[in-house]
Structures are given as structure tokens and as C-alpha cells.
Amino acid sequence: MPAELFMPFVMVLVAALLPLQLLPAMIWAERKVSAFIQDRTGPNRADILGIRLGGVIHSIADVVKLIAKEDMTPSKVNSFYYSLGPFLALFISLIPFSIIPLADTLKIGGAAIPLRAVTLDVGILFILAITSFHVYAVVFAGWASNNSFSLLGGLRSAAQMVSYELGLGLSLVGMIMVAQTLDLNEIVRQQGGTIFGILPAWNVFLQPLGFLIFVVSIFAETNRNPFDLPEGESEIIGFHVEYSSMRFAFFFMGEYIAIIGGSAVVATLFLGGWQVPFFDTEMLRENAMLAARIAFGSTAALCVLLSIILMAYDKKLQALYTDKRRFEARVLLGIVVTLGAGAVGGLLFLPTLSSLGEQIVTAIVQNTFLVGKILLFCFFFIWVRWTLPRFRYDQLMNLGWKTLIPLALLNIFLTGVALVLFDRGA
Amino acid sequence: MSTSDRIGRFLREMGEALEAEHNPYGEKSFRVAPEQIRPVLEKLRRDYGFDLLLDITAIDKIELGKAGEPRFDVIYNLRPHDTGDRIRLKTSVPESDPALPSVQDLWKTANWCERETWDQYGIRFKGHPNLKRILNHKDFVGHPLRKDYDIKKQQWLSEADDLMDEMEKKRKRTSDALSKETLFVNLGPSHPAFHGAIRILAELDGETIRNSVSEIGYLHRGFEKSAEKGTYTHVIPYTDRLNYLSSVSNNVAYCMQVEHMLDVEVPRRTQVIRVILSELARIMDHMVCIGAALVDLGALTNFWFLFNEREKIYDVIEALCGARLTHCYIRIGGLAHDLHDGFEAGVRALLQSIPETMTDVQNLVGRNRIFLDRVIGVGVISKEDAISYGFTGPCLRACGIPHDLRKDEPYYGYEEYDWDVVIGENGDTYDRLWVRFEEVNQSVRIIEQALSSMPGGPVNVDDKRITLPPKDAVHGNIEALMNHFMLIMNGVAPPAGDSYRAVEAPNGELGFLIVSDGSPKPYKIKVRPPCFMIFSAFDEMIEGGMVQDAIATLGSLNVVAGELDR
């Protein structure tokens, strides 16, 4: 079967599964990073047969809890909008992934296969349009819950998201002027190469002001601290105060997927997307063998290191406990050793790559870098949340209207001047 | 005007209206005829500078056996805000028509104090705009602190007060208010920012609070009624539960007052230990206040930094007395037992780590624009209003009034330690929080000096009437056994009369007014809880601000429901 027929299906699947796979990791990271910042241990109790994986299993316990809880619908709510809210929250936050280019376009037998679910020329506009839909989820939930606190949360959210959308859009204009395209893959491709030979030619270096405004607006759009006023759990408890069980979980998941999606957009537009710094696609394809060897080799080294740590941990446990904690250490050790052996095997018996193989290895490497950038930015989200207090409503509006929008306009002006001076506009 | 002058002149001018009352404790107490009470109070307030109304309460004299006298005495407890020069006025109120003129226009704090007196004793105050129950439920029948109200009587009350009667009064103040469409929101009693159970009914115009009415009493458990049922020693565990964030301070305030009535002074070593524990309690109290306030502002990490440190302090105190929250370590005439060996080392380690923690937290928020914008100029209260509302402690000092009972009316040798009174400037939320930050550092200084000057010797007074004999003597000879028995069954019995003394608790002036009838049971105990007076100003402080300002303001006031509702 020709690749261009089945690849879109594969890519839709990948685009849907990537955020859903990152979600538990994100929730786990939120808990563990916040614990680290706050001098605590974080979750480390929930286990399956003694396997805790440092708290990862806790997420499974959460899922079980949320599914098993009673799904309550308060009386006198508008049940259609009440149900629509959580659905929209999750659904809309998943959409942006469909147009994020996951790696450079494959070329199989003369046909170009883009590695994204939907190929759109107007990628940036699509993202802006979709994120502005997010406000409906919150407003529906807040209004339909028939609760004053929810209503306040919904109102705050509506005002906040609408205000910051302007900043979000305007901050991108400068970048679009430089890139001369709205197509995301093209924007990423332009971010290859270097500036002055030392910096990767990422938009964050070309458009620092635009990047700053965009990041602040993304924080506001995803309702994250310091912009978490719609939730504001110590003030108005939030727009989802009346929701329980999986409906609440949909908001919860929607929030985190929106964060991952926001990070993906930031990574794509400003941090070079799938670009590997200093290595463009051609170079990677030429050195695919080397890249594969490095990948296998570093995995093997990591496994050796991990198994040494685990063996020391096991020895320490032997002296202290005789319970299932020791079992956990042994199981983990087994997994790590198997993985390490696989990596060593891969390193030893690596066949010479065909042209397709080289392209696939390149795509994997590029995608790994993209996911790495997304995760780094997610970490930034978490870091900010546990460091900053929350804005007041009017201060938030002032920042949006009186600071960010003028700055964004200034950025457009400066970009225009620069383009004329360096004669790139023509 | 020096203090003695003040009272001397007052006596000369108002001589006819006053009748000096014999007080066995040498405190200034005068009896005034009911029709004279308002003019006298007005003069005291306007001409003599008694601008701090500490408390209003009543005594039900029905069991004092004075036939023919009116049943109730109403007590006004006053002092100027800048000295510890106290005066008490008493006036008699008959049971048939228990009514007095209200003074809520002279002192704003009288509003709630009079409501409480009405609630607990059924004494009406004519001219009070809103004389309804405050601690007890609105449908409660009877007045619980009257001696003929049975402590075991239970009432089933389920209907919540909608508070709209008070709200409608407030809304009518401005004529255009009624025409606007507004939203009524109940903040509390179960709300994440209202630590404990406090309820605010707020009228919102958008996010702005136009009017607000508060309801307290959800945690009212009848401390004062319970205290009348046991011996003086039985009250100590109850006091733990007033301000449970700093329970040692309550212990100390109560025991110091009873010791004062018994006319004994605890040994120097005990005084120093009490100072150290009180200052540790102050540090913990301020930590909770700051941490909780910052959580309400959305800065959660500070909370953990502060609570980790607080847990370390609790570890030291747990090693000392076995309890973490409600210590019950202080006894009348001394302490439950002497310090253990590791105490000094433990406290010295704390003295190292507490300033580090405070610096960490200050670094996180001190120059953070979001934090500063949220707290500067928010919840401002003027000096005059603060005094009129009966503010004491950090909240008063944040307004720029350098008054601290540890300096003005020193006890336990506070005058010997080298430390500074911390004051703010504007009386806003920032000042209140920052005064607390700095007071922690001052407390560290005090503890350092106290620890270095710790003398040896016994911890309990050498008085058989007060201190339990050693256990081996109890097991060994009949005299000690009888002594032990008598002390446990009866305990101490101060001479008949009433007395009030106060300490500087973390929240402000914490005093106990104790009325003794000469028996081993207190006839009446009235606590002056600092945050009751402070919280009465809350509605006025938040009106016109936004919901988020109200939350920030509440956090900085450190209202502890255990003490507020008693």
C-alpha cells in the first residue's frame, strides 16, 4: 500500500496519542517538581505489587478514583451546557497537536509525506482560532453550573482570555513578518542554521520581545499561575466547583493538555520545533548511522548507570526492610538490565541503513528533540506556578491591555524597521 | 499627661459620679450609676484619652449571695492605647429591665462587645443599631452565661441566618445602591480562605465588594461557661484551644493572671522558660499567619517553607511536653515539669534555622511585583479607626503605633532583654505581614538572650497551697498525700474580687478577667480575645475593595476561629 495513503491515519493517531501519553508524565512532574521546590517528598505510596516508580503509579490511582467517584449533576443546571463544558475543555486542547510538525517531511519514492496529522497553510491562524474556543469551555461550565462562584470564575475567564488573545495574536505578527509564511513546517525549517555562527537561528533570538509576550499570553490562555484567576482556589474556588468524577477529570486533563499544547506551540514557533541545533535535516540524514549508534550507546550507558544505582539501593534496602520494596528494586533492575542488553545488541548488530531507514532515524531524532523542548517548557510552566503569587483581577487586565498589547505593537514596529534596514522585507 | 495625673484629674472632676470600689488586687475599679455611665464614658474617651475599649462584659451576681442588689454588673474595661494604665467601670443593671445606653458611637469595637454581652447575658443596649446574637445561634433560647442557664441544656438549631436584615440596612446607606444589579455571595463558612469557620455575606458589583456582613460563632463552644464548672487548674487545657496556633501564650496569660490573684511570683527560671516558650509560640503563630496569607495570594511554596520550620519547632516542644498543638505545659505556680536535657540544644538549632527560613521566604516574595501589588495599599485601616476598633498587637503596630505590652507593661523581665518594637507605616496588608516577618526576628533575639541568661533552681513556687508535693513524698507520708489530694480536688482559691491582666500574645492583648468568689472555682472568666476586636473591623476594611483584596486582608489579620468564637 502506498505510504501516502496510510500515513495520514498513522499521523492522526500519533498526534492524538502524544499529548495523552505526555499527560500522566506532566501530572507526575507537577507533583514531583512542586515537592522538590517545596522541600517535600511528593507522592511515593501508591503501588501495584510493590512497584511505585517514584510516584508514577499514583496517577493510576487517581484515574481509578476519578472513574469510581459518583458523577453528580446539581439540580437546576442547564444540563446540555453543563456537559458540554468539560467535553470542550478536553477536546479543544487536543486539536493544536494535529498541525504541529513532528519532524521534517519524509520523501518516499518521490512522494513527500508530511509528519503531521493535518497539513494546513494557515497553521498559525488555525492555532489562534482554536485556542480562542477554549474560553467557551470555561464560560459554559461557569454559567451552566448555577453557582455564584462558578459564574465569577467563568466571567473572569472570559475577560482574561479575550484580553490576552489580542496579545497572543499581535506578538506573532512580528514573527510572521520575518518568516513570510503561516505554514508551521516552513517556519520550523527557517529556524535551521545559525545566527553569527554561534546561536541557533531560532525565533526566540530573532524575536525576543515577541517571545516574551507570547509566553505570558500563553500562561494566561492556559489559566496557569500567576494567571489562574478562573480557578483561584483560595478565592472563588473556580469555575469547575460543581463538577465531580470524570467531568472534573476532563477539565483537569484539558488544563494539562493545554499546557503541553502551549509548550508545543512555543517550541514550534520560537524554539526551533524539530530542528536539532547545528544539524539540519540533510546533515542528520548523512550521519544517521552515527546518530543511531549514539542513541543506542547512550541508552546502554544510562542503563549501566541506573543498574549500579539500583543495585546500591537494593543493598541498602536489604539491611533495612524485608517487604515488597525490595521486590520493586529487583523488578526495576531487571527491566533496566533488559533494556541495556537490548541497547547493546542494537549497537552491535546495527544493519547498514537504507535511504528510508536514514529518514526514519532522522525523524525519530528530530521528534525526540521536539518532545524534549516541549518537556523543558512544561517544566518552566511548573516552575513558575510554584514560585509566583496570583494577580488581582484588575492588575491582570492592566497588564494585558496596557502593557502587553502596546509592547506587541512596538514589537511589530521594531520588526518592520529592522526588515527595512536589512532589506529583507522586499 | 502622665498616667497618675490622668486618673487623678479624672477622679477630681468626676468624683460625684464615681464610687471607688474596693479591689483586693489593687486594680482601679469604679462603680457608676447606670444613668451616669454614658456621660462618664464619653468624658473618659473625649477628655482623658482612654481611647481603647478593651472589652465589655457582665457579671451575673445571682450566686454571690448579695440580696437586694441588682442582678447584673456590666463592666467596661478601658485603657489609653499608649500605656498600660487600666481602669474598669462597673454599673448595676436590674434583672427586670436590663438595659443600658449603647456606646458604639464612641468606640467602634463596642458594637460587637455589646452584641456579645446581649447574647451571653441578655443585657440590652439602647441605641445599638444591630443588637443581635453574635456567638450563639440566632434561634438560641436564653442567655448561656447567666448562672441559671444549665450547662448541660442542649438546643437543636438548624436554620442558618440569611443575614439579609443587616445587609439591607447597609445597602440603604447609599441611595443608588438599590437600583444596581448586584450579586450576593456567601464567602464561607466553609471556604478555603476562611481558615476556621467564618462567614461573609458580600454584595458584589462585578468583583467589587459593595457591602459585606460577617457572621461568626460557628466554632463557639462556650469556653467561658465551661471555665466556671471546674477548678482554676481545669481551665488550663481549655485555654490551649483558644488560639491553638500559639497555645503556650494562652497558658501563660491565664496562669500569670491566676498567680497574680494568688499574689505569688513564679521563680526566675520559670519566668525565663515561659518567655522562651511564649516567643516560640509567637514565631509559630506568625509563621502560620504569613504562610496562610501567602497561600491565599496564590504563593504556595512559602507555606511549605514556613510549615517545615514550624514542624521543627513543634518537634522541640513535643520533646518537652509530649504534645504538638495543645501543649498544656504551664501550671499555676510554675510548670508541669522542668526542662529536659536536650532542650537548650534544640532551641539553639532553631535559632539558627528560623532566620534562614524567614530570609528564604522574604526573598521569594519581598521584591516580587505581583506580591507587592497585591498587598500594598490593600485593606488599609487608619490609626484612629484601628484604636477605635480595639486593635492591639501586630495589626495596631502596622498602623504605626509603637505599642507593645512587653514594653509598656513589662512582665517576666521583658524589660531586661534588648529588642525593638516593630512598626509599620500605612496599616495596609503589606505592613501587617511585614511587621510579623520582623517580629519573628525580634523574638529570635529575645530567645537568644533568655537562653543565655537561664538561671538554675526550682521551677515551681515553694507554696503548699499551689504546688503539688513531689511524688515520692505523696507515696511516702500522709501529710503530702493529703496536700496532694486537697490540691487535686479543690486547687487554689484566690480571694474574692475581680482582676484583669493581659499579656502581649502574638495577635495582640490577650487578657483574662477573672471574678473570684473566694471559692476554688472561678465565678466567672472572661477572656479578651484580640482577634475578636480585630475581626469586627473586617467588613469596613474590605468594602470597596475586590474579592481578592478581602482574601488578602483576612490572611494578614490572622483571625483564629478558636479564639474568635471561643
# chains A, B, ... in the order shown; residues from 1 in each chain; ligands from 1

$ residues_around --residues "Arg124 of chain B" --least-positions-apart "2" --cutoff "12 Å" --atoms "only C-alpha atoms" --output "ChimeraX atom specification"
/B:58,72,74,93-103,113-122,126-133,143

$ residues_around --residues "Tyr412 of chain B" --least-positions-apart "5" --cutoff "10 Å" --atoms "only C-alpha atoms" --output "PDB file with all heavy atoms, in the first residue's frame"
ATOM      1  N   MET B 256      -0.527  33.394  84.570  1.00  0.00           N
ATOM      2  CA  MET B 256       0.017  34.616  85.149  1.00  0.00           C
ATOM      3  C   MET B 256      -1.076  35.370  85.893  1.00  0.00           C
ATOM      4  O   MET B 256      -0.856  35.900  86.980  1.00  0.00           O
ATOM      5  CB  MET B 256       0.586  35.489  84.039  1.00  0.00           C
ATOM      6  CG  MET B 256       1.420  36.628  84.515  1.00  0.00           C
ATOM      7  SD  MET B 256       2.210  37.450  83.142  1.00  0.00           S
ATOM      8  CE  MET B 256       1.009  38.680  82.798  1.00  0.00           C
ATOM      9  N   GLU B 265       4.790  34.985  92.996  1.00  0.00           N
ATOM     10  CA  GLU B 265       5.577  35.215  91.794  1.00  0.00           C
ATOM     11  C   GLU B 265       6.348  33.942  91.489  1.00  0.00           C
ATOM     12  O   GLU B 265       6.972  33.359  92.374  1.00  0.00           O
ATOM     13  CB  GLU B 265       6.530  36.387  91.998  1.00  0.00           C
ATOM     14  CG  GLU B 265       7.199  36.780  90.699  1.00  0.00           C
ATOM     15  CD  GLU B 265       7.972  38.079  90.821  1.00  0.00           C
ATOM     16  OE1 GLU B 265       7.696  38.848  91.752  1.00  0.00           O
ATOM     17  OE2 GLU B 265       8.857  38.298  89.984  1.00  0.00           O
ATOM     18  N   VAL B 266       6.286  33.508  90.243  1.00  0.00           N
ATOM     19  CA  VAL B 266       6.967  32.256  89.897  1.00  0.00           C
ATOM     20  C   VAL B 266       8.473  32.492  89.908  1.00  0.00           C
ATOM     21  O   VAL B 266       8.934  33.615  89.709  1.00  0.00           O
ATOM     22  CB  VAL B 266       6.521  31.733  88.525  1.00  0.00           C
ATOM     23  CG1 VAL B 266       5.108  31.238  88.596  1.00  0.00           C
ATOM     24  CG2 VAL B 266       6.684  32.779  87.455  1.00  0.00           C
ATOM     25  N   PRO B 267       9.275  31.431  90.140  1.00  0.00           N
ATOM     26  CA  PRO B 267      10.737  31.589  90.181  1.00  0.00           C
ATOM     27  C   PRO B 267      11.268  32.149  88.869  1.00  0.00           C
ATOM     28  O   PRO B 267      10.645  32.014  87.818  1.00  0.00           O
ATOM     29  CB  PRO B 267      11.245  30.167  90.413  1.00  0.00           C
ATOM     30  CG  PRO B 267      10.108  29.426  90.957  1.00  0.00           C
ATOM     31  CD  PRO B 267       8.873  30.059  90.436  1.00  0.00           C
ATOM     32  N   ARG B 268      12.426  32.756  88.972  1.00  0.00           N
ATOM     33  CA  ARG B 268      13.041  33.394  87.817  1.00  0.00           C
ATOM     34  C   ARG B 268      13.223  32.402  86.660  1.00  0.00           C
ATOM     35  O   ARG B 268      12.995  32.727  85.496  1.00  0.00           O
ATOM     36  CB  ARG B 268      14.389  33.977  88.256  1.00  0.00           C
ATOM     37  CG  ARG B 268      15.170  34.668  87.157  1.00  0.00           C
ATOM     38  CD  ARG B 268      14.569  35.994  86.771  1.00  0.00           C
ATOM     39  NE  ARG B 268      15.210  36.464  85.541  1.00  0.00           N
ATOM     40  CZ  ARG B 268      14.624  37.200  84.617  1.00  0.00           C
ATOM     41  NH1 ARG B 268      13.391  37.595  84.780  1.00  0.00           N
ATOM     42  NH2 ARG B 268      15.271  37.560  83.544  1.00  0.00           N
ATOM     43  N   ARG B 269      13.629  31.188  86.994  1.00  0.00           N
ATOM     44  CA  ARG B 269      13.845  30.187  85.945  1.00  0.00           C
ATOM     45  C   ARG B 269      12.560  29.943  85.163  1.00  0.00           C
ATOM     46  O   ARG B 269      12.563  29.880  83.932  1.00  0.00           O
ATOM     47  CB  ARG B 269      14.337  28.882  86.579  1.00  0.00           C
ATOM     48  CG  ARG B 269      14.596  27.762  85.578  1.00  0.00           C
ATOM     49  CD  ARG B 269      15.179  26.538  86.264  1.00  0.00           C
ATOM     50  NE  ARG B 269      15.258  25.395  85.363  1.00  0.00           N
ATOM     51  CZ  ARG B 269      16.221  25.206  84.470  1.00  0.00           C
ATOM     52  NH1 ARG B 269      17.182  26.094  84.355  1.00  0.00           N
ATOM     53  NH2 ARG B 269      16.234  24.153  83.697  1.00  0.00           N
ATOM     54  N   THR B 270      11.459  29.828  85.873  1.00  0.00           N
ATOM     55  CA  THR B 270      10.180  29.612  85.201  1.00  0.00           C
ATOM     56  C   THR B 270       9.824  30.790  84.307  1.00  0.00           C
ATOM     57  O   THR B 270       9.317  30.622  83.187  1.00  0.00           O
ATOM     58  CB  THR B 270       9.085  29.403  86.257  1.00  0.00           C
ATOM     59  OG1 THR B 270       9.495  28.356  87.095  1.00  0.00           O
ATOM     60  CG2 THR B 270       7.767  29.065  85.613  1.00  0.00           C
ATOM     61  N   GLN B 271      10.108  31.997  84.820  1.00  0.00           N
ATOM     62  CA  GLN B 271       9.803  33.175  84.004  1.00  0.00           C
ATOM     63  C   GLN B 271      10.559  33.119  82.677  1.00  0.00           C
ATOM     64  O   GLN B 271       9.986  33.382  81.611  1.00  0.00           O
ATOM     65  CB  GLN B 271      10.183  34.448  84.757  1.00  0.00           C
ATOM     66  CG  GLN B 271       9.354  34.667  85.997  1.00  0.00           C
ATOM     67  CD  GLN B 271       9.635  36.007  86.644  1.00  0.00           C
ATOM     68  OE1 GLN B 271      10.410  36.795  86.133  1.00  0.00           O
ATOM     69  NE2 GLN B 271       8.995  36.257  87.767  1.00  0.00           N
ATOM     70  N   VAL B 272      11.846  32.764  82.774  1.00  0.00           N
ATOM     71  CA  VAL B 272      12.653  32.728  81.549  1.00  0.00           C
ATOM     72  C   VAL B 272      12.124  31.645  80.605  1.00  0.00           C
ATOM     73  O   VAL B 272      11.994  31.859  79.395  1.00  0.00           O
ATOM     74  CB  VAL B 272      14.138  32.497  81.892  1.00  0.00           C
ATOM     75  CG1 VAL B 272      14.946  32.319  80.617  1.00  0.00           C
ATOM     76  CG2 VAL B 272      14.671  33.663  82.695  1.00  0.00           C
ATOM     77  N   ILE B 273      11.770  30.489  81.160  1.00  0.00           N
ATOM     78  CA  ILE B 273      11.238  29.411  80.311  1.00  0.00           C
ATOM     79  C   ILE B 273       9.936  29.857  79.657  1.00  0.00           C
ATOM     80  O   ILE B 273       9.687  29.635  78.467  1.00  0.00           O
ATOM     81  CB  ILE B 273      11.023  28.129  81.141  1.00  0.00           C
ATOM     82  CG1 ILE B 273      12.363  27.586  81.620  1.00  0.00           C
ATOM     83  CG2 ILE B 273      10.291  27.080  80.327  1.00  0.00           C
ATOM     84  CD1 ILE B 273      12.252  26.463  82.616  1.00  0.00           C
ATOM     85  N   ARG B 274       9.100  30.522  80.435  1.00  0.00           N
ATOM     86  CA  ARG B 274       7.830  30.991  79.863  1.00  0.00           C
ATOM     87  C   ARG B 274       8.082  32.006  78.746  1.00  0.00           C
ATOM     88  O   ARG B 274       7.365  32.018  77.744  1.00  0.00           O
ATOM     89  CB  ARG B 274       6.962  31.621  80.951  1.00  0.00           C
ATOM     90  CG  ARG B 274       6.311  30.592  81.858  1.00  0.00           C
ATOM     91  CD  ARG B 274       5.386  31.245  82.850  1.00  0.00           C
ATOM     92  NE  ARG B 274       4.784  30.255  83.728  1.00  0.00           N
ATOM     93  CZ  ARG B 274       3.906  30.546  84.670  1.00  0.00           C
ATOM     94  NH1 ARG B 274       3.537  31.802  84.861  1.00  0.00           N
ATOM     95  NH2 ARG B 274       3.394  29.599  85.436  1.00  0.00           N
ATOM     96  N   VAL B 275       9.083  32.856  78.944  1.00  0.00           N
ATOM     97  CA  VAL B 275       9.400  33.832  77.885  1.00  0.00           C
ATOM     98  C   VAL B 275       9.830  33.095  76.622  1.00  0.00           C
ATOM     99  O   VAL B 275       9.350  33.376  75.511  1.00  0.00           O
ATOM    100  CB  VAL B 275      10.507  34.802  78.355  1.00  0.00           C
ATOM    101  CG1 VAL B 275      11.085  35.559  77.166  1.00  0.00           C
ATOM    102  CG2 VAL B 275       9.943  35.777  79.356  1.00  0.00           C
ATOM    103  N   ARG B 406       4.757  44.202  76.074  1.00  0.00           N
ATOM    104  CA  ARG B 406       6.041  43.732  76.603  1.00  0.00           C
ATOM    105  C   ARG B 406       6.949  44.908  76.938  1.00  0.00           C
ATOM    106  O   ARG B 406       7.879  44.771  77.721  1.00  0.00           O
ATOM    107  CB  ARG B 406       6.721  42.814  75.587  1.00  0.00           C
ATOM    108  CG  ARG B 406       6.012  41.489  75.423  1.00  0.00           C
ATOM    109  CD  ARG B 406       6.613  40.689  74.282  1.00  0.00           C
ATOM    110  NE  ARG B 406       6.345  41.302  72.986  1.00  0.00           N
ATOM    111  CZ  ARG B 406       6.880  40.888  71.845  1.00  0.00           C
ATOM    112  NH1 ARG B 406       7.722  39.892  71.856  1.00  0.00           N
ATOM    113  NH2 ARG B 406       6.577  41.478  70.713  1.00  0.00           N
TER     114      ARG B 406
END

$ residues_around --residues "Gln257 of chain B" --least-positions-apart "2" --cutoff "9 Å" --atoms "only C-alpha atoms" --output "ChimeraX atom specification"
/B:252-255,259-262,499-502,511-514

$ residues_around --residues "Gly346 of chain B" --least-positions-apart "2" --cutoff "12 Å" --atoms "only C-alpha atoms" --output "VMD selection string"
chain B and resid 312 to 320 339 to 344 348 to 353 451

$ interface_residues --of "chain A" --to "chain B" --cutoff "10 Å" --atoms "only C-alpha atoms" --output "ChimeraX atom specification"
/A:34-35,37-40,147-149,152,155-156,225-229,232-237,385-396

$ write_last_selection --atoms "N, CA and C atoms" --output "CSV table (one decimal), in the first residue's frame"
chain,number,residue,atom,x,y,z
A,34,SER,N,7.0,20.2,42.2
A,34,SER,CA,6.5,21.0,43.3
A,34,SER,C,7.0,20.5,44.6
A,35,ALA,N,7.1,19.2,44.8
A,35,ALA,CA,7.6,18.7,46.0
A,35,ALA,C,9.1,19.0,46.2
A,37,ILE,N,10.5,21.7,44.9
A,37,ILE,CA,10.6,23.1,45.2
A,37,ILE,C,10.3,23.4,46.6
A,38,GLN,N,9.3,22.6,47.1
A,38,GLN,CA,8.8,22.9,48.5
A,38,GLN,C,9.4,22.1,49.6
A,39,ASP,N,10.6,21.4,49.3
A,39,ASP,CA,11.2,20.6,50.4
A,39,ASP,C,10.3,19.5,50.9
A,40,ARG,N,9.6,18.9,50.0
A,40,ARG,CA,8.8,17.7,50.4
A,40,ARG,C,9.2,16.5,49.6
A,147,ASN,N,-24.1,28.5,39.9
A,147,ASN,CA,-23.4,28.7,41.2
A,147,ASN,C,-22.7,30.0,41.1
A,148,SER,N,-22.8,30.9,42.1
A,148,SER,CA,-22.2,32.2,42.0
A,148,SER,C,-20.7,32.1,41.8
A,149,PHE,N,-20.0,31.2,42.5
A,149,PHE,CA,-18.6,31.1,42.4
A,149,PHE,C,-18.2,30.7,41.0
A,152,LEU,N,-18.6,33.6,38.7
A,152,LEU,CA,-17.5,34.5,38.8
A,152,LEU,C,-16.2,34.0,38.1
A,155,LEU,N,-16.8,34.4,34.4
A,155,LEU,CA,-16.6,35.8,33.9
A,155,LEU,C,-15.2,36.2,33.9
A,156,ARG,N,-14.4,35.8,34.9
A,156,ARG,CA,-13.0,36.2,35.0
A,156,ARG,C,-12.3,35.6,33.8
A,225,ASN,N,-1.0,29.6,37.0
A,225,ASN,CA,-0.4,30.6,37.8
A,225,ASN,C,0.7,31.3,37.1
A,226,PRO,N,0.8,32.6,37.2
A,226,PRO,CA,0.1,33.6,38.1
A,226,PRO,C,-1.2,34.1,37.5
A,227,PHE,N,-1.7,33.4,36.4
A,227,PHE,CA,-3.0,33.9,35.8
A,227,PHE,C,-4.1,32.9,36.1
A,228,ASP,N,-4.1,32.2,37.2
A,228,ASP,CA,-5.1,31.1,37.4
A,228,ASP,C,-6.3,31.7,38.1
A,229,LEU,N,-6.7,32.9,37.7
A,229,LEU,CA,-7.9,33.5,38.4
A,229,LEU,C,-9.2,32.8,38.2
A,232,GLY,N,-8.6,30.2,40.8
A,232,GLY,CA,-8.4,30.9,42.1
A,232,GLY,C,-8.9,30.2,43.3
A,233,GLU,N,-8.3,29.0,43.6
A,233,GLU,CA,-8.9,28.1,44.5
A,233,GLU,C,-9.0,28.7,45.9
A,234,SER,N,-8.2,29.7,46.3
A,234,SER,CA,-8.4,30.3,47.6
A,234,SER,C,-9.4,31.4,47.6
A,235,GLU,N,-9.9,31.8,46.4
A,235,GLU,CA,-10.8,32.9,46.4
A,235,GLU,C,-12.2,32.5,46.0
A,236,ILE,N,-12.3,32.0,44.8
A,236,ILE,CA,-13.7,31.7,44.3
A,236,ILE,C,-13.8,30.2,44.0
A,237,ILE,N,-12.8,29.5,44.4
A,237,ILE,CA,-12.8,28.0,44.2
A,237,ILE,C,-12.8,27.6,42.8
A,385,ARG,N,4.6,28.2,38.3
A,385,ARG,CA,3.4,28.0,39.2
A,385,ARG,C,3.8,28.0,40.6
A,386,TRP,N,4.8,27.3,41.0
A,386,TRP,CA,5.2,27.1,42.4
A,386,TRP,C,6.1,28.3,42.9
A,387,THR,N,6.3,29.3,42.1
A,387,THR,CA,7.1,30.4,42.6
A,387,THR,C,6.3,31.7,42.7
A,388,LEU,N,5.3,31.9,41.9
A,388,LEU,CA,4.7,33.3,41.9
A,388,LEU,C,3.3,33.3,42.5
A,389,PRO,N,3.0,34.4,43.2
A,389,PRO,CA,1.6,34.5,43.6
A,389,PRO,C,0.7,34.9,42.5
A,390,ARG,N,-0.6,35.0,42.8
A,390,ARG,CA,-1.6,35.2,41.8
A,390,ARG,C,-1.9,36.7,41.6
A,391,PHE,N,-2.2,37.1,40.4
A,391,PHE,CA,-2.6,38.5,40.1
A,391,PHE,C,-3.9,38.8,40.7
A,392,ARG,N,-4.2,40.1,40.8
A,392,ARG,CA,-5.6,40.5,41.1
A,392,ARG,C,-6.2,40.8,39.8
A,393,TYR,N,-7.5,40.7,39.8
A,393,TYR,CA,-8.3,40.8,38.5
A,393,TYR,C,-7.9,42.1,37.7
A,394,ASP,N,-8.0,43.3,38.4
A,394,ASP,CA,-7.8,44.5,37.7
A,394,ASP,C,-6.3,44.6,37.2
A,395,GLN,N,-5.4,44.1,38.1
A,395,GLN,CA,-4.0,44.2,37.7
A,395,GLN,C,-3.7,43.3,36.5
A,396,LEU,N,-4.4,42.2,36.4
A,396,LEU,CA,-4.3,41.3,35.3
A,396,LEU,C,-4.7,42.0,34.0

$ select_by_dssp --residues "segment 305-374 of chain B" --states "strand (DSSP E or B)" --output "count of residues only"
4

$ residues_around --residues "segment 80-91 of chain A" --least-positions-apart "2" --cutoff "10 Å" --atoms "only C-alpha atoms" --output "MDAnalysis selection string"
chainID A and resid 73:74 77:78 93:95 133:146 240 242:243 246:258

$ closest_residue --among "B:Asn558, B:Thr357, B:Asn136, B:Asn460" --to "Pro394 of chain B" --atoms "only C-alpha atoms"
B:Asn558

$ decode --residues "segment 540-558 of chain B" --atoms "N, CA and C atoms" --output "compact mmCIF listing (two decimals), in the first residue's frame"
# COMPACT_ATOMS: atom_id res chain seq x y z
N GLU B 540 -15.61 46.74 57.35
CA GLU B 540 -15.29 48.09 56.91
C GLU B 540 -14.02 48.10 56.07
N MET B 541 -13.09 47.20 56.41
CA MET B 541 -11.82 47.20 55.69
C MET B 541 -11.96 46.70 54.25
N ILE B 542 -12.91 45.80 54.01
CA ILE B 542 -12.96 45.19 52.68
C ILE B 542 -13.97 45.86 51.76
N GLU B 543 -14.87 46.65 52.31
CA GLU B 543 -15.89 47.25 51.45
C GLU B 543 -15.23 48.22 50.48
N GLY B 544 -15.61 48.13 49.23
CA GLY B 544 -15.00 48.99 48.22
C GLY B 544 -13.82 48.33 47.53
N GLY B 545 -13.29 47.27 48.14
CA GLY B 545 -12.19 46.54 47.51
C GLY B 545 -12.73 45.40 46.68
N MET B 546 -11.81 44.58 46.18
CA MET B 546 -12.24 43.45 45.37
C MET B 546 -12.23 42.19 46.24
N VAL B 547 -12.83 41.13 45.71
CA VAL B 547 -12.88 39.88 46.47
C VAL B 547 -11.49 39.44 46.86
N GLN B 548 -10.57 39.57 45.89
CA GLN B 548 -9.21 39.10 46.17
C GLN B 548 -8.54 39.95 47.25
N ASP B 549 -8.89 41.24 47.33
CA ASP B 549 -8.36 42.08 48.41
C ASP B 549 -8.87 41.59 49.76
N ALA B 550 -10.14 41.21 49.78
CA ALA B 550 -10.71 40.73 51.04
C ALA B 550 -9.95 39.50 51.53
N ILE B 551 -9.62 38.62 50.61
CA ILE B 551 -8.90 37.41 50.99
C ILE B 551 -7.51 37.77 51.51
N ALA B 552 -6.84 38.69 50.83
CA ALA B 552 -5.50 39.09 51.28
C ALA B 552 -5.58 39.75 52.64
N THR B 553 -6.59 40.59 52.84
CA THR B 553 -6.72 41.29 54.12
C THR B 553 -6.98 40.30 55.24
N LEU B 554 -7.88 39.38 55.00
CA LEU B 554 -8.20 38.41 56.04
C LEU B 554 -6.95 37.62 56.43
N GLY B 555 -6.17 37.24 55.45
CA GLY B 555 -4.96 36.49 55.75
C GLY B 555 -4.02 37.27 56.66
N SER B 556 -3.94 38.59 56.44
CA SER B 556 -2.99 39.37 57.22
C SER B 556 -3.49 39.67 58.63
N LEU B 557 -4.80 39.51 58.87
CA LEU B 557 -5.32 39.81 60.21
C LEU B 557 -5.08 38.66 61.18
N ASN B 558 -4.83 37.50 60.67
CA ASN B 558 -4.63 36.30 61.48
C ASN B 558 -5.79 36.07 62.43
